[in-house]
Every structure is written in C-alpha cells, then in structure tokens.
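> Would you mind keeping the following structure in view while I ask a few things?
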Amino acid sequence: MKKFRGIYLKNEKEIGLMREANRLVSNILDILGDSIKPGITTMDLENLACKACEGYGVEPAFKGYHGFPFALCCSVNEEIVHGFPSDKRVLKEGDIVSIDMGVIFQGFYGDSARTYPVGKISATAQKLLDVTRESLMRGINQALTGNSLYDISKAVQDYAEGEGYGVVRRFVGHGIGRNLHEKPEVPNFVPSGLPGVQLKSGMVLAIEPMVTEGSYDIEILDDKWTAVTKDRKLSAHFEHTIAVTADGPIILSRP
C-alpha cells in the first residue's frame with residue numbers, strides 16, 4: 001500500500017476487498033430499508049443488522065469504536081448522526097431515519113449511510129432527502145484524478161446551499177481502508193484559506209453530506225454521541241464509499 005501526503009493509496013486487490021466490504025454494507029442497508037415502517041423500533045433495526053453481520057460472517061465496524069455501543073447509528077428527524085438505537089424509539093408515520101452502517105471484511109472497512117422515509121412523509125421532508133442524495137452524487141462526480149479534494153466539497157456545498165439548505169460543518173467524510181477513519185478528511189463545504197489535496201488514483205473516500213432543513217449549527221445530547229440540529233429542524237445523511245481511479249470514481253457501496 002503506497003502513501004501520498006500521508007494518504008494510503010490502495011492497489012487493485014485492496015480495492016477489490018473494499019468493494020466486497022461495502023457491497024455487504026449495501027446489502028444490509030437494503031435489508032433494513034425493507035423493514036422500516038411505522039411501529040418498528042430502532043433497536044429492531046439494530047438487531048436485524050447484527051443478525052445480518054453474523055450471516056455474512058463480518059464484524060460490525062462501529063460497535064465498540066471509541067466506545068460507541070451499537071452496530072448502527074440510527075438518527076431520527078432532527079438527529080444528524082450517531083443516534084443510539086433504542087427499544088423505546090418507535091418510528092412513526094412521517095418520520096425520516098438515517099442509518100449509518102459499517103463492517104470489517106478481511107481487515108478492510110465498508111461504510112455507507114442512507115436516510116429512509118417512514119411510511120408517507122411530507123413533501124418538505126422528501127425534498128430534503130432528494131437534495132441530500134443528489135448533493136452526494138454531485139460530489140462523487142468530482143472525485144477525479146487531478147482534481148482537488150475540495151472540488152468534491154464545493155459540488156456538495158453549492159448544490160445543497162443553492163437549494164436553500166444548511167451543510168453541517170462539524171462532521172465530515174474521510175479516507176477509509178484498513179482503518180475506519182484515515183486521511184484525508186472530506187468536508188462537505190470548502191474550508192477557507194486551506195489548499196485541497198490533489199486526488200490520486202487509489203484513494204478511497206467515504207463521502208457523506210449531512211444536510212439540514214435550517215441552520216447547520218448542532219448540539220450534542222447528554223449521551224455524548226447523538227448530534228442534533230440546534231434549531232431542531234430536520235436533517236438527512238447519505239454516504240457512499242468510493243474509489244478514485246484513472247477511469248473515474250467507482251462507487252463501492254452498491255449491491
């Protein structure tokens with residue numbers, strides 16, 4: 001595994017292993033998505049995810065990571081990221097729930113997130129989901145060799161803010177490989193006064209816009225993990241792990 005400015009560049013074999021890790025994450029997210037409906041608890045989803053990991057013979061990546069106690073981050077409505085699954089959190093018609101999930105496969109990490117509607121949701125909530133998902137795809141389209149890392153950031157920020165939404169600053173995407181979080185950080189906004197690293201073939205990045213209905217300001221709840229919008233307006237989160245290649249970006253976290 002080569003390095004460029006402290007960033008691990010993966011070879012074809014390593015990217016192949018990461019493709020499988022991320023494929024399994026995508027499969028588990030499909031299972032969870034098919035199960036999300038009014039009346040289910042977020043702990044039900046946690047249990048489904050753990051059972052799926054056992055079936056695939058993989059380890060859930062988040063459980064125990066820096067003390068995080070669950071396999072899933074389940075973040076509902078105004079919760080942005082790192083929400084705890086709970087048997088007391090019953091999903092209701094009209095909710096939106098972000099599921100962030102990772103696994104470890106043969107020493108490599110997969111990581112992906114989606115925000116799901118619970119039953120029929122409002123047009124306002126649906127637009128937030130659509131804009132967040134599209135901002136992710138626009139960022140991925142800029143993950144080209146020779147581009148700046150901040151071309152990804154700019155594409156996400158320009159689209160989301162252009163649609164009237166906030167882009168969370170506190171949490172960012174990241175490199176990924178044998179570690180869940182590697183260099184470089186991948187912000188969803190363009191930091192002022194800092195040059196972006198040049199993108200090289202072999203970089204593998206987890207790009208994950210977190211977009212808010214109102215202000216991008218956040219608060220952390222008493223559990224020391226769950227991040228919520230300060231104004232308690234809705235937030236959505238989508239994430240793909242992608243490989244930068246000479247032929248363009250490859251989305252690894254697809255079925």
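We label chains A, B, ... in the order they appear in the structure tokens, count residues from 1 in each chain, and number ligands from 1 in the order shown.
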Would you pick out the contacts of Ser135 of chain A at 10 Å or less, using only C-alpha atoms, so that residues sharing its chain but fewer than 6 positions from it are not included, and give the list as an mmCIF file with N, CA and C atoms, in the first residue's frame?

```cif
data_model
loop_
_atom_site.group_PDB
_atom_site.id
_atom_site.type_symbol
_atom_site.label_atom_id
_atom_site.label_comp_id
_atom_site.auth_asym_id
_atom_site.auth_seq_id
_atom_site.Cartn_x
_atom_site.Cartn_y
_atom_site.Cartn_z
ATOM 1 N N LEU A 129 -34.491 14.862 1.514
ATOM 2 C CA LEU A 129 -33.835 13.603 1.168
ATOM 3 C C LEU A 129 -33.286 13.651 -0.257
ATOM 4 N N ASN A 141 -19.137 12.833 -8.442
ATOM 5 C CA ASN A 141 -18.773 13.110 -9.833
ATOM 6 C C ASN A 141 -17.514 13.959 -9.964
ATOM 7 N N ILE A 152 -14.813 18.199 -4.640
ATOM 8 C CA ILE A 152 -15.912 17.401 -4.084
ATOM 9 C C ILE A 152 -16.723 18.259 -3.113
ATOM 10 N N SER A 153 -16.010 18.900 -2.202
ATOM 11 C CA SER A 153 -16.659 19.740 -1.186
ATOM 12 C C SER A 153 -17.507 20.833 -1.821
ATOM 13 N N LYS A 154 -16.953 21.473 -2.832
ATOM 14 C CA LYS A 154 -17.646 22.590 -3.478
ATOM 15 C C LYS A 154 -18.923 22.118 -4.171
ATOM 16 N N ALA A 155 -18.852 20.958 -4.816
ATOM 17 C CA ALA A 155 -20.027 20.455 -5.517
ATOM 18 C C ALA A 155 -21.155 20.166 -4.541
ATOM 19 N N VAL A 156 -20.825 19.568 -3.397
ATOM 20 C CA VAL A 156 -21.835 19.287 -2.372
ATOM 21 C C VAL A 156 -22.423 20.584 -1.834
ATOM 22 N N GLN A 157 -21.545 21.499 -1.433
ATOM 23 C CA GLN A 157 -21.995 22.741 -0.808
ATOM 24 C C GLN A 157 -22.812 23.598 -1.767
ATOM 25 N N ASP A 158 -22.315 23.747 -2.988
ATOM 26 C CA ASP A 158 -23.011 24.615 -3.944
ATOM 27 C C ASP A 158 -24.422 24.116 -4.214
ATOM 28 N N TYR A 159 -24.568 22.808 -4.370
ATOM 29 C CA TYR A 159 -25.899 22.286 -4.690
ATOM 30 C C TYR A 159 -26.840 22.398 -3.488
ATOM 31 N N ALA A 160 -26.393 21.923 -2.328
ATOM 32 C CA ALA A 160 -27.273 21.919 -1.154
ATOM 33 C C ALA A 160 -27.658 23.336 -0.740
ATOM 34 N N GLU A 161 -26.668 24.217 -0.664
ATOM 35 C CA GLU A 161 -26.970 25.592 -0.262
ATOM 36 C C GLU A 161 -27.776 26.311 -1.346
ATOM 37 N N ASN A 188 -17.838 18.719 3.560
ATOM 38 C CA ASN A 188 -18.947 18.959 2.630
ATOM 39 C C ASN A 188 -19.124 20.445 2.351
ATOM 40 N N GLU A 208 -19.860 11.920 2.620
ATOM 41 C CA GLU A 208 -21.120 11.803 3.364
ATOM 42 C C GLU A 208 -21.721 13.157 3.735
ATOM 43 N N PRO A 209 -22.450 13.758 2.803
ATOM 44 C CA PRO A 209 -23.129 15.007 3.142
ATOM 45 C C PRO A 209 -24.156 14.816 4.244
ATOM 46 N N MET A 210 -24.172 15.770 5.176
ATOM 47 C CA MET A 210 -25.203 15.887 6.201
ATOM 48 C C MET A 210 -25.842 17.256 5.997
ATOM 49 N N VAL A 211 -27.088 17.242 5.581
ATOM 50 C CA VAL A 211 -27.759 18.461 5.122
ATOM 51 C C VAL A 211 -28.947 18.744 6.031
ATOM 52 N N PHE A 238 -26.559 11.013 3.628
ATOM 53 C CA PHE A 238 -26.282 9.927 2.686
ATOM 54 C C PHE A 238 -24.771 9.793 2.539
#
```
> Please run DSSP on the backbone and report, as number ranges by chain, all residues within segment 12-172 of chain A that come out as strand (DSSP E).
A: 59-60, 72-76, 79-81, 96-105, 108-117, 166-167
> For those residues, write C-alpha atoms to a file as a PDB file, in the first residue's frame.

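Everything below was put into again-v1.pdb:
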```pdb
ATOM      1  CA  GLU A  59     -17.834  -7.784  12.176  1.00  0.00           C
ATOM      2  CA  PRO A  60     -19.912  -4.616  12.667  1.00  0.00           C
ATOM      3  CA  LEU A  72     -25.841   1.115  13.806  1.00  0.00           C
ATOM      4  CA  CYS A  73     -26.149   4.838  14.057  1.00  0.00           C
ATOM      5  CA  CYS A  74     -29.919   5.451  13.910  1.00  0.00           C
ATOM      6  CA  SER A  75     -30.698   9.163  13.691  1.00  0.00           C
ATOM      7  CA  VAL A  76     -34.344  10.247  13.531  1.00  0.00           C
ATOM      8  CA  GLU A  79     -30.843  13.903  14.765  1.00  0.00           C
ATOM      9  CA  ILE A  80     -27.938  14.323  12.353  1.00  0.00           C
ATOM     10  CA  VAL A  81     -25.578  11.432  13.146  1.00  0.00           C
ATOM     11  CA  ILE A  96     -37.226  10.124   8.494  1.00  0.00           C
ATOM     12  CA  VAL A  97     -34.432   7.920   9.826  1.00  0.00           C
ATOM     13  CA  SER A  98     -30.767   7.972   8.869  1.00  0.00           C
ATOM     14  CA  ILE A  99     -28.975   4.624   9.126  1.00  0.00           C
ATOM     15  CA  ASP A 100     -25.166   4.692   9.112  1.00  0.00           C
ATOM     16  CA  MET A 101     -23.560   1.241   8.953  1.00  0.00           C
ATOM     17  CA  GLY A 102     -20.087  -0.241   8.615  1.00  0.00           C
ATOM     18  CA  VAL A 103     -18.483  -3.686   8.553  1.00  0.00           C
ATOM     19  CA  ILE A 104     -14.994  -5.157   8.625  1.00  0.00           C
ATOM     20  CA  PHE A 105     -14.245  -7.736   5.919  1.00  0.00           C
ATOM     21  CA  PHE A 108     -10.884  -3.720   5.400  1.00  0.00           C
ATOM     22  CA  TYR A 109     -13.769  -1.430   6.248  1.00  0.00           C
ATOM     23  CA  GLY A 110     -17.002  -0.697   4.458  1.00  0.00           C
ATOM     24  CA  ASP A 111     -19.103   2.346   5.356  1.00  0.00           C
ATOM     25  CA  SER A 112     -22.332   3.755   3.948  1.00  0.00           C
ATOM     26  CA  ALA A 113     -25.416   5.666   5.080  1.00  0.00           C
ATOM     27  CA  ARG A 114     -28.921   6.304   3.808  1.00  0.00           C
ATOM     28  CA  THR A 115     -31.883   8.287   5.078  1.00  0.00           C
ATOM     29  CA  TYR A 116     -35.215   6.499   4.761  1.00  0.00           C
ATOM     30  CA  PRO A 117     -38.817   7.705   4.859  1.00  0.00           C
ATOM     31  CA  GLY A 166     -27.631  24.057   5.500  1.00  0.00           C
ATOM     32  CA  VAL A 167     -24.493  21.912   5.245  1.00  0.00           C
TER      33      VAL A 167
END
```
> So, with only C-alpha atoms as the atoms that count, which of A:Val190, A:Ala21, A:Ala52, A:Ile251 lies closest to Glu239 of chain A?
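Of A:Val190, A:Ala21, A:Ala52, A:Ile251, the one nearest Glu239 of chain A, counting only C-alpha atoms, is A:Ile251.
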> Have a look at A:Ala61, A:Ala123, A:Ala236, A:Leu194 and name the one nearest to Leu180 of chain A; count only C-alpha atoms.
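Distance minimum relative to Leu180 of chain A lands on A:Ala61.
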> Taking only segment 50-197 of chain A into account, list the residues labelled helix (DSSP H, G or I) by DSSP (computed from the backbone), as a ChimeraX atom specification.
/A:50-56,65-67,123-140,149-162
